[in-house]
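Peer 1: The file below is run05.txt, compact mmCIF, C-alpha atoms and all ligand atoms:
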# COMPACT_ATOMS: atom_id res chain seq x y z
CA MET A 224 6.36 -15.68 -21.06
CA LYS A 225 3.54 -15.01 -18.57
CA LYS A 226 2.07 -11.51 -18.49
CA VAL A 227 0.99 -9.39 -15.54
CA LEU A 228 -0.92 -6.10 -15.71
CA ILE A 229 -0.30 -3.75 -12.78
CA ILE A 230 -2.79 -0.88 -12.61
CA GLY A 231 -1.25 1.93 -10.56
CA GLY A 232 2.09 0.21 -11.08
CA ALA A 233 4.20 3.39 -11.14
CA GLY A 234 3.56 4.12 -7.47
CA PHE A 235 5.39 2.93 -4.37
CA ILE A 236 4.26 -0.71 -4.14
CA GLY A 237 3.82 -1.01 -7.92
CA TYR A 238 7.40 -0.07 -8.67
CA HIS A 239 8.84 -2.68 -6.28
CA LEU A 240 6.32 -5.32 -7.39
CA SER A 241 7.16 -4.68 -11.07
CA LYS A 242 10.84 -5.26 -10.32
CA LYS A 243 10.01 -8.53 -8.58
CA PHE A 244 7.90 -9.80 -11.52
CA LEU A 245 10.64 -8.83 -14.00
CA LYS A 246 13.20 -10.71 -11.91
CA LYS A 247 10.93 -13.76 -12.03
CA LYS A 248 10.83 -13.53 -15.85
CA TYR A 249 7.33 -12.14 -16.32
CA LYS A 250 6.34 -9.62 -18.98
CA VAL A 251 5.13 -6.62 -16.98
CA PHE A 252 2.49 -4.14 -18.22
CA VAL A 253 1.96 -1.04 -16.10
CA LEU A 254 -1.04 1.24 -16.53
CA ASP A 255 -0.69 4.47 -14.58
CA ASN A 256 -1.73 8.12 -14.92
CA LEU A 257 1.42 9.25 -13.02
CA SER A 258 -0.68 11.29 -10.59
CA ARG A 259 1.99 11.09 -7.87
CA LYS A 260 4.20 13.49 -9.85
CA HIS A 261 7.43 12.79 -8.01
CA THR A 262 10.91 12.01 -9.27
CA ASP A 263 10.73 9.13 -11.70
CA ILE A 264 14.32 8.26 -12.48
CA GLU A 265 13.57 4.72 -11.38
CA ILE A 266 10.58 4.22 -13.67
CA LYS A 267 12.76 5.54 -16.51
CA ASP A 268 15.31 2.86 -15.61
CA LEU A 269 12.66 0.13 -15.58
CA ARG A 270 11.50 1.24 -19.02
CA LYS A 271 14.90 0.21 -20.41
CA ASN A 272 13.98 -3.42 -19.68
CA LYS A 273 12.46 -4.99 -22.81
CA ASN A 274 9.94 -6.92 -20.70
CA TYR A 275 8.58 -3.76 -19.07
CA ASN A 276 5.75 -2.02 -20.92
CA PHE A 277 4.40 1.28 -19.71
CA ILE A 278 0.95 2.53 -20.69
CA LYS A 279 0.35 6.10 -19.60
CA GLY A 280 -3.35 6.54 -18.98
CA ASP A 281 -6.15 6.98 -16.50
CA ILE A 282 -8.19 3.84 -15.99
CA LEU A 283 -11.23 6.07 -15.54
CA ASN A 284 -10.91 6.67 -19.33
CA PHE A 285 -11.43 2.95 -19.77
CA ASN A 286 -13.12 3.18 -23.20
CA ASN A 287 -10.11 4.94 -24.77
CA LEU A 288 -7.65 2.51 -23.23
CA LYS A 289 -9.17 -0.77 -24.41
CA LYS A 290 -7.07 -0.95 -27.60
CA LYS A 291 -3.85 -0.67 -25.61
CA LEU A 292 -4.65 -3.65 -23.38
CA ASN A 293 -4.23 -7.39 -24.00
CA ASN A 294 -6.48 -10.35 -23.23
CA ASP A 295 -3.85 -12.83 -22.12
CA TYR A 296 -2.68 -11.55 -18.73
CA SER A 297 -2.18 -14.26 -16.13
CA PHE A 298 -2.51 -11.79 -13.27
CA ILE A 299 -4.11 -8.36 -12.94
CA VAL A 300 -3.18 -6.28 -9.89
CA ASN A 301 -5.19 -3.21 -8.95
CA LEU A 302 -3.14 -0.75 -6.89
CA ALA A 303 -4.71 2.45 -8.23
CA ALA A 304 -6.80 4.51 -5.82
CA ILE A 305 -7.12 7.95 -4.30
CA VAL A 306 -4.79 7.58 -1.28
CA GLY A 307 -3.03 9.70 1.37
CA VAL A 308 -4.79 11.26 4.37
CA ASP A 309 -4.83 14.89 3.13
CA ASN A 310 -5.72 13.87 -0.41
CA VAL A 311 -8.59 11.75 0.90
CA ILE A 312 -9.91 14.49 3.21
CA ASN A 313 -9.77 17.08 0.41
CA ASN A 314 -11.45 14.77 -2.14
CA SER A 315 -13.72 12.71 0.08
CA TYR A 316 -16.61 12.49 -2.40
CA ASP A 317 -14.26 11.47 -5.24
CA VAL A 318 -12.81 8.77 -2.99
CA MET A 319 -16.25 7.18 -2.70
CA TYR A 320 -17.08 6.96 -6.38
CA LYS A 321 -13.68 7.04 -8.15
CA ASN A 322 -12.11 4.27 -6.07
CA ALA A 323 -15.16 2.11 -6.85
CA LEU A 324 -15.07 3.02 -10.55
CA ILE A 325 -11.32 2.35 -10.82
CA ASN A 326 -11.90 -1.11 -9.37
CA HIS A 327 -14.96 -1.68 -11.57
CA PHE A 328 -12.94 -0.98 -14.74
CA ALA A 329 -10.05 -3.10 -13.47
CA LEU A 330 -12.52 -5.97 -12.96
CA GLN A 331 -13.95 -5.39 -16.46
CA ILE A 332 -10.46 -5.82 -17.94
CA ALA A 333 -10.07 -9.00 -15.86
CA LYS A 334 -13.36 -10.41 -17.18
CA LYS A 335 -12.08 -10.14 -20.77
CA GLN A 336 -9.04 -12.33 -20.08
CA LYS A 337 -8.65 -15.77 -21.63
CA ARG A 338 -6.34 -17.28 -19.04
CA LEU A 339 -6.58 -15.15 -15.92
CA LYS A 340 -5.29 -16.92 -12.85
CA LYS A 341 -6.03 -14.19 -10.33
CA PHE A 342 -7.27 -10.63 -9.88
CA ILE A 343 -5.48 -8.95 -6.97
CA PHE A 344 -7.06 -6.06 -5.06
CA PHE A 345 -5.10 -3.89 -2.64
CA SER A 346 -7.29 -3.06 0.31
CA THR A 347 -5.94 -1.52 3.53
CA SER A 348 -5.37 -2.04 7.26
CA GLU A 349 -7.65 1.00 7.72
CA ILE A 350 -10.66 -1.23 7.20
CA TYR A 351 -10.28 -2.27 10.87
CA ALA A 352 -10.48 1.39 12.01
CA GLY A 353 -14.25 1.27 12.59
CA SER A 354 -13.96 -1.88 14.68
CA LEU A 355 -11.23 -0.22 16.76
CA LYS A 356 -13.42 2.83 17.35
CA ASN A 357 -16.39 0.66 18.34
CA ASN A 358 -14.27 -1.53 20.68
CA LEU A 359 -14.82 -4.57 18.49
CA ILE A 360 -11.19 -5.30 17.75
CA LYS A 361 -8.63 -7.76 19.05
CA PHE A 362 -4.85 -7.35 18.74
CA PRO A 363 -3.13 -8.79 16.84
CA THR A 364 -6.01 -8.43 14.39
CA LYS A 365 -7.11 -11.42 12.34
CA GLU A 366 -8.55 -11.11 8.83
CA ASN A 367 -11.93 -12.36 10.10
CA ASN A 368 -12.21 -9.68 12.80
CA LEU A 369 -15.67 -8.12 12.55
CA ILE A 370 -15.60 -5.10 10.21
CA SER A 371 -17.58 -2.21 11.64
CA LEU A 372 -18.49 1.19 10.16
CA VAL A 373 -18.15 4.67 11.61
CA GLU A 374 -19.88 8.01 11.57
CA PHE A 375 -20.74 8.88 7.94
CA LYS A 376 -19.79 12.58 8.26
CA ASN A 377 -16.16 11.63 8.77
CA LYS A 378 -14.20 12.50 5.58
CA ARG A 379 -11.15 10.34 6.32
CA GLN A 380 -13.27 7.22 6.65
CA THR A 381 -14.37 7.44 2.99
CA TYR A 382 -11.07 5.74 2.15
CA MET A 383 -11.80 2.82 4.47
CA ILE A 384 -15.36 2.48 3.16
CA SER A 385 -14.17 2.59 -0.48
CA LYS A 386 -11.81 -0.29 0.30
CA ILE A 387 -14.49 -2.36 2.08
CA TYR A 388 -16.69 -1.76 -0.97
CA GLY A 389 -13.79 -2.75 -3.27
CA GLU A 390 -13.28 -6.04 -1.41
CA MET A 391 -17.00 -6.77 -1.73
CA MET A 392 -16.94 -5.95 -5.47
CA CYS A 393 -14.14 -8.48 -5.94
CA PHE A 394 -16.00 -11.22 -4.07
CA GLN A 395 -19.13 -10.62 -6.16
CA SER A 396 -17.23 -10.58 -9.48
CA GLN A 397 -17.12 -14.40 -9.87
CA LEU A 398 -13.42 -14.07 -10.72
CA PRO A 399 -10.54 -15.84 -8.95
CA ILE A 400 -9.45 -13.12 -6.54
CA LEU A 401 -6.88 -12.29 -3.89
CA ILE A 402 -7.30 -9.47 -1.36
CA ILE A 403 -4.24 -7.93 0.26
CA ARG A 404 -4.60 -5.74 3.36
CA PRO A 405 -1.22 -3.94 3.64
CA HIS A 406 -0.09 -2.87 7.10
CA ASN A 407 2.33 0.07 7.06
CA PHE A 408 4.77 -0.81 4.32
CA PHE A 409 7.73 1.52 4.06
CA GLY A 410 10.93 1.95 2.10
CA PRO A 411 12.51 3.80 -0.80
CA ARG A 412 10.18 5.67 -3.16
CA MET A 413 7.18 5.81 -0.83
CA GLY A 414 6.53 9.54 -1.27
CA LYS A 415 6.65 12.08 1.54
CA SER A 416 3.32 11.91 3.33
CA HIS A 417 3.86 8.79 5.44
CA VAL A 418 5.12 8.63 9.01
CA ILE A 419 8.68 7.43 8.30
CA PRO A 420 9.59 9.89 5.50
CA GLU A 421 7.87 12.64 7.51
CA LEU A 422 10.02 11.86 10.56
CA LEU A 423 13.17 11.66 8.43
CA SER A 424 12.39 15.08 7.02
CA LYS A 425 11.27 16.76 10.28
CA LEU A 426 14.21 15.48 12.33
CA ASN A 427 16.77 16.53 9.73
CA ASN A 428 17.72 19.93 11.20
CA LYS A 429 19.84 21.43 13.95
CA LYS A 430 17.02 22.21 16.41
CA LYS A 431 17.44 20.59 19.81
CA LYS A 432 13.75 20.01 20.52
CA PHE A 433 11.11 18.13 18.56
CA ILE A 434 7.46 17.90 19.58
CA LEU A 435 5.62 15.02 17.99
CA LYS A 436 1.91 14.56 17.34
CA ASN A 437 0.22 11.25 18.19
CA GLY A 438 3.47 9.83 19.61
CA HIS A 439 1.50 7.32 21.69
CA HIS A 440 0.05 5.62 18.58
CA GLN A 441 1.28 2.06 18.10
CA ARG A 442 2.23 0.45 14.82
CA THR A 443 4.17 -2.41 13.30
CA PHE A 444 6.13 -1.67 10.12
CA CYS A 445 6.98 -3.87 7.17
CA TYR A 446 9.90 -3.18 4.85
CA ILE A 447 8.84 -3.05 1.19
CA ASP A 448 11.23 -5.84 0.06
CA ASP A 449 9.67 -8.20 2.64
CA ALA A 450 6.15 -7.11 1.65
CA VAL A 451 6.82 -7.71 -2.04
CA GLU A 452 8.37 -11.10 -1.33
CA ILE A 453 5.21 -12.15 0.54
CA ILE A 454 2.82 -10.61 -2.01
CA PHE A 455 4.55 -12.22 -4.99
CA PHE A 456 4.28 -15.59 -3.28
CA LEU A 457 0.58 -15.10 -2.50
CA ILE A 458 -0.10 -14.06 -6.11
CA VAL A 459 1.58 -17.01 -7.81
CA ASN A 460 0.55 -19.76 -5.40
CA LYS A 461 -2.66 -21.69 -5.90
CA ASN A 462 -4.75 -20.15 -3.12
CA LYS A 463 -7.76 -18.19 -4.40
CA ASN A 464 -10.59 -16.11 -2.98
CA THR A 465 -8.74 -15.36 0.24
CA VAL A 466 -8.01 -12.20 2.25
CA TYR A 467 -4.56 -11.75 3.78
CA ASN A 468 -3.13 -9.25 6.21
CA VAL A 469 0.35 -8.47 4.89
CA GLY A 470 2.77 -6.88 7.34
CA GLN A 471 4.82 -7.73 10.38
CA GLN A 472 3.32 -8.70 13.73
CA LYS A 473 6.40 -7.59 15.68
CA PRO A 474 7.86 -5.35 16.94
CA VAL A 475 4.95 -3.16 18.03
CA ILE A 476 6.42 0.31 18.40
CA THR A 477 5.00 3.70 19.38
CA ILE A 478 5.57 6.64 17.03
CA LEU A 479 7.56 8.28 19.87
CA GLU A 480 9.87 5.25 20.11
CA LEU A 481 10.21 5.24 16.34
CA ALA A 482 11.13 8.94 16.28
CA LYS A 483 13.74 8.36 18.99
CA LYS A 484 15.18 5.42 17.05
CA ILE A 485 15.43 7.46 13.83
CA ASN A 486 17.02 10.32 15.73
CA LYS A 487 19.60 8.00 17.32
CA LEU A 488 20.43 6.30 14.01
CA PHE A 489 20.80 9.36 11.76
CA PHE A 490 20.62 12.68 13.54
CA GLU A 491 21.85 14.70 16.45
CA ASN A 492 20.71 14.06 19.94
CA LYS A 493 17.37 15.80 20.10
CA ASN A 494 14.93 15.99 22.95
CA ILE A 495 11.80 14.39 21.51
CA LYS A 496 8.45 14.66 23.23
CA THR A 497 4.87 14.01 22.24
CA GLU A 498 1.81 16.19 22.67
CA LYS A 499 -0.99 14.55 24.67
CA LYS A 500 -3.78 16.09 22.56
CA ILE A 501 -5.31 13.82 19.89
CA PHE A 502 -4.98 15.50 16.49
CA ASP A 503 -6.83 13.41 13.97
CA HIS A 504 -8.82 10.26 13.49
CA SER A 505 -5.81 8.09 12.84
CA PRO A 506 -6.19 4.67 14.53
CA ILE A 507 -4.47 4.50 17.92
CA LYS A 508 -3.13 1.01 17.28
CA ARG A 509 -2.51 -1.29 14.32
CA CYS A 510 -1.07 -4.76 14.53
CA PRO A 511 -1.91 -7.54 12.10
CA ASP A 512 -2.21 -11.20 12.98
CA ILE A 513 -0.09 -12.81 10.23
CA THR A 514 -0.79 -16.48 11.02
CA LEU A 515 -2.46 -16.96 7.61
CA ILE A 516 0.54 -15.81 5.56
CA LYS A 517 2.90 -17.74 7.82
CA LYS A 518 0.96 -20.91 6.97
CA GLU A 519 1.56 -20.24 3.25
CA ILE A 520 5.18 -19.09 3.30
CA LYS A 521 7.92 -21.39 4.51
CA LYS A 522 10.28 -18.64 5.62
CA MET A 523 8.84 -15.24 6.49
CA PRO A 524 11.15 -12.47 5.27
CA ASN A 525 11.92 -10.20 8.20
CA THR A 526 14.39 -7.38 7.55
CA SER A 527 15.27 -5.77 10.88
CA LEU A 528 13.78 -2.33 11.51
CA ASN A 529 17.26 -0.76 11.79
CA THR A 530 18.47 -2.22 8.47
CA ALA A 531 15.25 -1.21 6.73
CA LEU A 532 15.39 2.33 8.16
CA ASN A 533 18.99 2.60 6.98
CA LYS A 534 18.13 1.59 3.42
CA THR A 535 15.19 4.01 3.39
CA PHE A 536 17.26 6.88 4.78
CA LEU A 537 19.98 6.37 2.14
CA TRP A 538 17.40 6.50 -0.66
CA TYR A 539 15.79 9.69 0.67
CA LYS A 540 19.22 11.31 1.09
CA LYS A 541 20.05 10.53 -2.53
CA TYR A 542 16.81 11.48 -4.22
CA LEU A 543 15.06 14.13 -2.12
N1 LIG B 601 1.76 1.79 1.05
C1 LIG B 601 1.09 1.19 2.04
O1 LIG B 601 1.62 0.85 3.12
C2 LIG B 601 -0.39 0.88 1.85
C3 LIG B 601 -1.16 0.66 3.00
C4 LIG B 601 -2.49 0.37 2.85
C5 LIG B 601 -3.06 0.27 1.59
N2 LIG B 601 -2.31 0.49 0.48
C6 LIG B 601 -2.98 0.40 -0.84
O2 LIG B 601 -2.10 -0.13 -1.82
C7 LIG B 601 -2.28 0.54 -3.06
C8 LIG B 601 -0.95 1.09 -3.56
O3 LIG B 601 -0.38 1.92 -2.57
P1 LIG B 601 0.92 2.79 -2.86
O4 LIG B 601 1.49 3.15 -1.54
O5 LIG B 601 1.76 2.12 -3.86
O6 LIG B 601 0.24 4.10 -3.50
P2 LIG B 601 0.82 5.09 -4.60
O7 LIG B 601 0.01 6.35 -4.52
O8 LIG B 601 2.29 5.21 -4.48
O9 LIG B 601 0.48 4.35 -5.97
C9 LIG B 601 -0.78 4.39 -6.57
C10 LIG B 601 -0.57 4.58 -8.07
O10 LIG B 601 -1.84 4.57 -8.71
C11 LIG B 601 -1.84 5.53 -9.74
N3 LIG B 601 -3.23 5.92 -10.01
C12 LIG B 601 -4.11 6.52 -9.16
N4 LIG B 601 -5.28 6.72 -9.78
C13 LIG B 601 -5.15 6.22 -11.04
C14 LIG B 601 -6.01 6.15 -12.15
N5 LIG B 601 -7.26 6.65 -12.08
N6 LIG B 601 -5.57 5.58 -13.30
C15 LIG B 601 -4.30 5.09 -13.38
N7 LIG B 601 -3.42 5.16 -12.36
C16 LIG B 601 -3.84 5.71 -11.20
C17 LIG B 601 -1.01 6.67 -9.19
O11 LIG B 601 -0.48 7.50 -10.22
C18 LIG B 601 0.08 5.92 -8.44
O12 LIG B 601 1.22 5.70 -9.26
C19 LIG B 601 -3.32 1.64 -2.84
O13 LIG B 601 -4.56 1.21 -3.36
C20 LIG B 601 -3.40 1.78 -1.33
O14 LIG B 601 -4.71 2.09 -0.90
C21 LIG B 601 -0.98 0.81 0.59
Please re-express this file's structure in structure tokens.
Ligand SMILES: NC(=O)c1ccc[n+]([C@@H]2O[C@H](COP(=O)([O-])OP(=O)(O)OC[C@H]3O[C@@H](n4cnc5c(N)ncnc54)[C@H](O)[C@@H]3O)[C@@H](O)[C@H]2O)c1
Peer 2:
Amino acid sequence: MKKVLIIGGAGFIGYHLSKKFLKKKYKVFVLDNLSRKHTDIEIKDLRKNKNYNFIKGDILNFNNLKKKLNNDYSFIVNLAAIVGVDNVINNSYDVMYKNALINHFALQIAKKQKRLKKFIFFSTSEIYAGSLKNNLIKFPTKENNLISLVEFKNKRQTYMISKIYGEMMCFQSQLPILIIRPHNFFGPRMGKSHVIPELLSKLNNKKKKFILKNGHHQRTFCYIDDAVEIIFFLIVNKNKNTVYNVGQQKPVITILELAKKINKLFFENKNIKTEKKIFDHSPIKRCPDITLIKKEIKKMPNTSLNTALNKTFLWYKKYL
């Protein structure tokens, strides 16, 4: 049986990716320090599967973990990082050095492997934020769009810079690598501090009026089952040393339109408006060009936004 090590595998993407690997008859090893601290009924369920192995630990304590790790993983996926806008802003220095160190140790584990096929690094769509700010971006955005930096005093941008640095570390490692740039995945178990769970929570009351921040921002969203389908395919296929945008190119929707859609699907008829003032440094638009993944995958999974929102809403109703 082939083995995969997923570092940060107890989080949102890691949980869904673990399930996919188990379904495809892999032995899954998850290393995670459980720093998200949210309900973990689902991880408990996964642990009942004899092919799922959970190692509780912080990869930053690499020297103490070595004995618990194997040297015959086919794939190593690094999902662990300091993430989340508030978390990043409050720990901006840690983001710079810990995200690099996490990836360094993950790459050290990869270098010890006897039959590694690929090391997979999760970057972010935020790495295009500097190019957007400097008017150097095209929409939809291709992977080879020029990457540009921003003002160094900006705390939020430490996340983006740590991911650019992480991509560069991978390319210099001499290992077979795959870089994923996720674009707004959503679905069950994604935590609370993302736009869709935030809207579900804020609209769930009897008030008639709702004033939104940054309602003019434009995004495309990708349901987690579709994302995992694409990612699994990219991991196990033969292509190496490539960067892929993973997400959906359509529909492009404003946050105001999204809020209205969620309100219409699940809540009472509220009057939703957006404030004109710009509140943070969040990118005004994100839309990936997904030509590269379309070339690889015969049939792009494409769950409709309504179906995906429904599934997400049902999960949040049950667990939160
Ligand atoms: N969810 C998205 O749409 C999205 C978008 C862009 C980028 N990404 C990237 O994908 C990756 C996974 O995202 P996610 O949404 O699943 O995040 P998540 O926070 O749900 O999962 C990350 C996991 O890593 C673990 N972790 C963090 N530091 C660790 C450490 N030092 N040692 C061991 N475990 C540690 C956490 O406990 C958590 O379970 C992240 O690197 C993120 O930057 C995700």
Peer 1: Can you pull out the residues contacting Phe252 of chain A? Cut-off 9 Å, using only C-alpha atoms, and skip same-chain residues under 6 positions away; I want them as a ChimeraX atom specification.
Peer 2: /A:226-230,232,241,274-278,292
Peer 1: Do a neighbour search on segment 397-409 of chain A at 10 Å with only C-alpha atoms, toss out local chain neighbours closer than 6 positions, and write the hits as a VMD selection string.
Peer 2: chain A and resid 235 to 236 298 to 300 330 333 to 334 339 to 350 366 386 389 to 390 417 to 420 442 to 451 454 457 to 458 462 to 472 509 to 511 531 to 532 535
Peer 1: Can you spit out the residues from that selection as a compact mmCIF listing (two decimals), in the coordinates of the input, using C-alpha atoms?
Peer 2:
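The result, written out as again.txt:
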# COMPACT_ATOMS: atom_id res chain seq x y z
CA PHE A 235 5.39 2.93 -4.37
CA ILE A 236 4.26 -0.71 -4.14
CA PHE A 298 -2.51 -11.79 -13.27
CA ILE A 299 -4.11 -8.36 -12.94
CA VAL A 300 -3.18 -6.28 -9.89
CA LEU A 330 -12.52 -5.97 -12.96
CA ALA A 333 -10.07 -9.00 -15.86
CA LYS A 334 -13.36 -10.41 -17.18
CA LEU A 339 -6.58 -15.15 -15.92
CA LYS A 340 -5.29 -16.92 -12.85
CA LYS A 341 -6.03 -14.19 -10.33
CA PHE A 342 -7.27 -10.63 -9.88
CA ILE A 343 -5.48 -8.95 -6.97
CA PHE A 344 -7.06 -6.06 -5.06
CA PHE A 345 -5.10 -3.89 -2.64
CA SER A 346 -7.29 -3.06 0.31
CA THR A 347 -5.94 -1.52 3.53
CA SER A 348 -5.37 -2.04 7.26
CA GLU A 349 -7.65 1.00 7.72
CA ILE A 350 -10.66 -1.23 7.20
CA GLU A 366 -8.55 -11.11 8.83
CA LYS A 386 -11.81 -0.29 0.30
CA GLY A 389 -13.79 -2.75 -3.27
CA GLU A 390 -13.28 -6.04 -1.41
CA HIS A 417 3.86 8.79 5.44
CA VAL A 418 5.12 8.63 9.01
CA ILE A 419 8.68 7.43 8.30
CA PRO A 420 9.59 9.89 5.50
CA ARG A 442 2.23 0.45 14.82
CA THR A 443 4.17 -2.41 13.30
CA PHE A 444 6.13 -1.67 10.12
CA CYS A 445 6.98 -3.87 7.17
CA TYR A 446 9.90 -3.18 4.85
CA ILE A 447 8.84 -3.05 1.19
CA ASP A 448 11.23 -5.84 0.06
CA ASP A 449 9.67 -8.20 2.64
CA ALA A 450 6.15 -7.11 1.65
CA VAL A 451 6.82 -7.71 -2.04
CA ILE A 454 2.82 -10.61 -2.01
CA LEU A 457 0.58 -15.10 -2.50
CA ILE A 458 -0.10 -14.06 -6.11
CA ASN A 462 -4.75 -20.15 -3.12
CA LYS A 463 -7.76 -18.19 -4.40
CA ASN A 464 -10.59 -16.11 -2.98
CA THR A 465 -8.74 -15.36 0.24
CA VAL A 466 -8.01 -12.20 2.25
CA TYR A 467 -4.56 -11.75 3.78
CA ASN A 468 -3.13 -9.25 6.21
CA VAL A 469 0.35 -8.47 4.89
CA GLY A 470 2.77 -6.88 7.34
CA GLN A 471 4.82 -7.73 10.38
CA GLN A 472 3.32 -8.70 13.73
CA ARG A 509 -2.51 -1.29 14.32
CA CYS A 510 -1.07 -4.76 14.53
CA PRO A 511 -1.91 -7.54 12.10
CA ALA A 531 15.25 -1.21 6.73
CA LEU A 532 15.39 2.33 8.16
CA THR A 535 15.19 4.01 3.39
Peer 1: Residues at most 10 Å from segment 494-503 of chain A, counting all atoms listed in the file, excluding those fewer than 4 positions away in the same chain, as a list in words?
Peer 2: Arg379, Leu426, Lys430, Lys431, Lys432, Phe433, Ile434, Leu435, Lys436, Asn437, Gly438, His439, His440, Ile478, Leu479, Glu480, Ala482, Lys483, Asn486 and Ile507 of chain A
Peer 1: Ranking A:Tyr351, A:Ser396, A:Asn287, A:Lys429 by minimum distance to Lys365 of chain A and counting all atoms listed in the file, which one comes first?
Peer 2: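 Answer, going by the shortest atom-to-atom distance: A:Tyr351.
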Peer 1: Taking all atoms listed in the file into account, name the residue in A:Asn301, A:Asn286, A:Asn310, A:Asn357 that is nearest to ligand LIG 601 (chain B).
Peer 2: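 For ligand LIG 601 (chain B), the nearest of the given residues is A:Asn301.
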Peer 1: Pick out the closest residue to ligand LIG 601 (chain B) from this set: A:Ile453, A:Leu288, A:Val251, A:Val306. Count only C-alpha atoms and all ligand atoms.
Peer 2: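 Of all the options, A:Val306 lies closest to ligand LIG 601 (chain B).
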Peer 1: To one decimal place, how far is atom CA of Met392 of chain A from atom C6 of ligand LIG 601 (chain B) in Å?
Peer 2: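 The value is 16.0 Å.
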Peer 1: Please report the interatomic distance between atom CA of Val459 of chain A and atom CA of Lys248 of chain A in Å with one decimal.
Peer 2: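 The value is 12.7 Å.
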Peer 1: One number please: atom C1 of ligand LIG 601 (chain B) to atom CA of Glu452 of chain A, in Å, one decimal.
Peer 2: 14.7 Å
Peer 1: Quick one: residues within 12 Å of Ala304 of chain A, all atoms listed in the file, excluding same-chain residues fewer than 6 positions away - as a PyMOL selection string?
Peer 2: chain A and resi 230-232+234+255-259+281-283+310-311+314+317-327+329+344-347+381-383+385-386+389
Peer 1: Contacts of Asn428 of chain A at 10 Å or less, counting all atoms listed in the file, minus same-chain residues fewer than 5 places along, as a ChimeraX atom specification?
Peer 2: /A:423,490-491,493
Peer 1: Write the selection just made, keeping C-alpha atoms, as a PDB file, in the frame of the given file?
Peer 2:
ATOM      1  CA  LEU A 423      13.170  11.660   8.430  1.00  0.00           C
ATOM      2  CA  PHE A 490      20.620  12.680  13.540  1.00  0.00           C
ATOM      3  CA  GLU A 491      21.850  14.700  16.450  1.00  0.00           C
ATOM      4  CA  LYS A 493      17.370  15.800  20.100  1.00  0.00           C
TER       5      LYS A 493
END
Peer 1: Return the single residue from A:Asp512, A:Phe456, A:Asn284, A:Asn427 that is closest to Lys540 of chain A, with distances computed using only C-alpha atoms.
Peer 2: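 Of the candidates, the smallest distance to Lys540 of chain A is held by A:Asn427.
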Peer 1: Please determine, counting all atoms listed in the file, which residue among A:Lys243, A:Lys376, A:Lys273, A:Lys415 has the shortest atom-to-atom distance to ligand LIG 601 (chain B).
Peer 2: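 Among the listed residues, A:Lys415 lies closest to ligand LIG 601 (chain B).
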Peer 1: So, with all atoms listed in the file as the atoms that count, which of A:Cys393, A:Leu372, A:Ile332, A:Leu302 lies closest to ligand LIG 601 (chain B)?
Peer 2: A:Leu302
Peer 1: Would you list the residues near (-7.2, 9.4, 10.2) (no more than 9 Å away, in the coordinates of the file, using only C-alpha atoms) as a PyMOL selection string?
Peer 2: chain A and resi 308+349+352+378-380+503-506
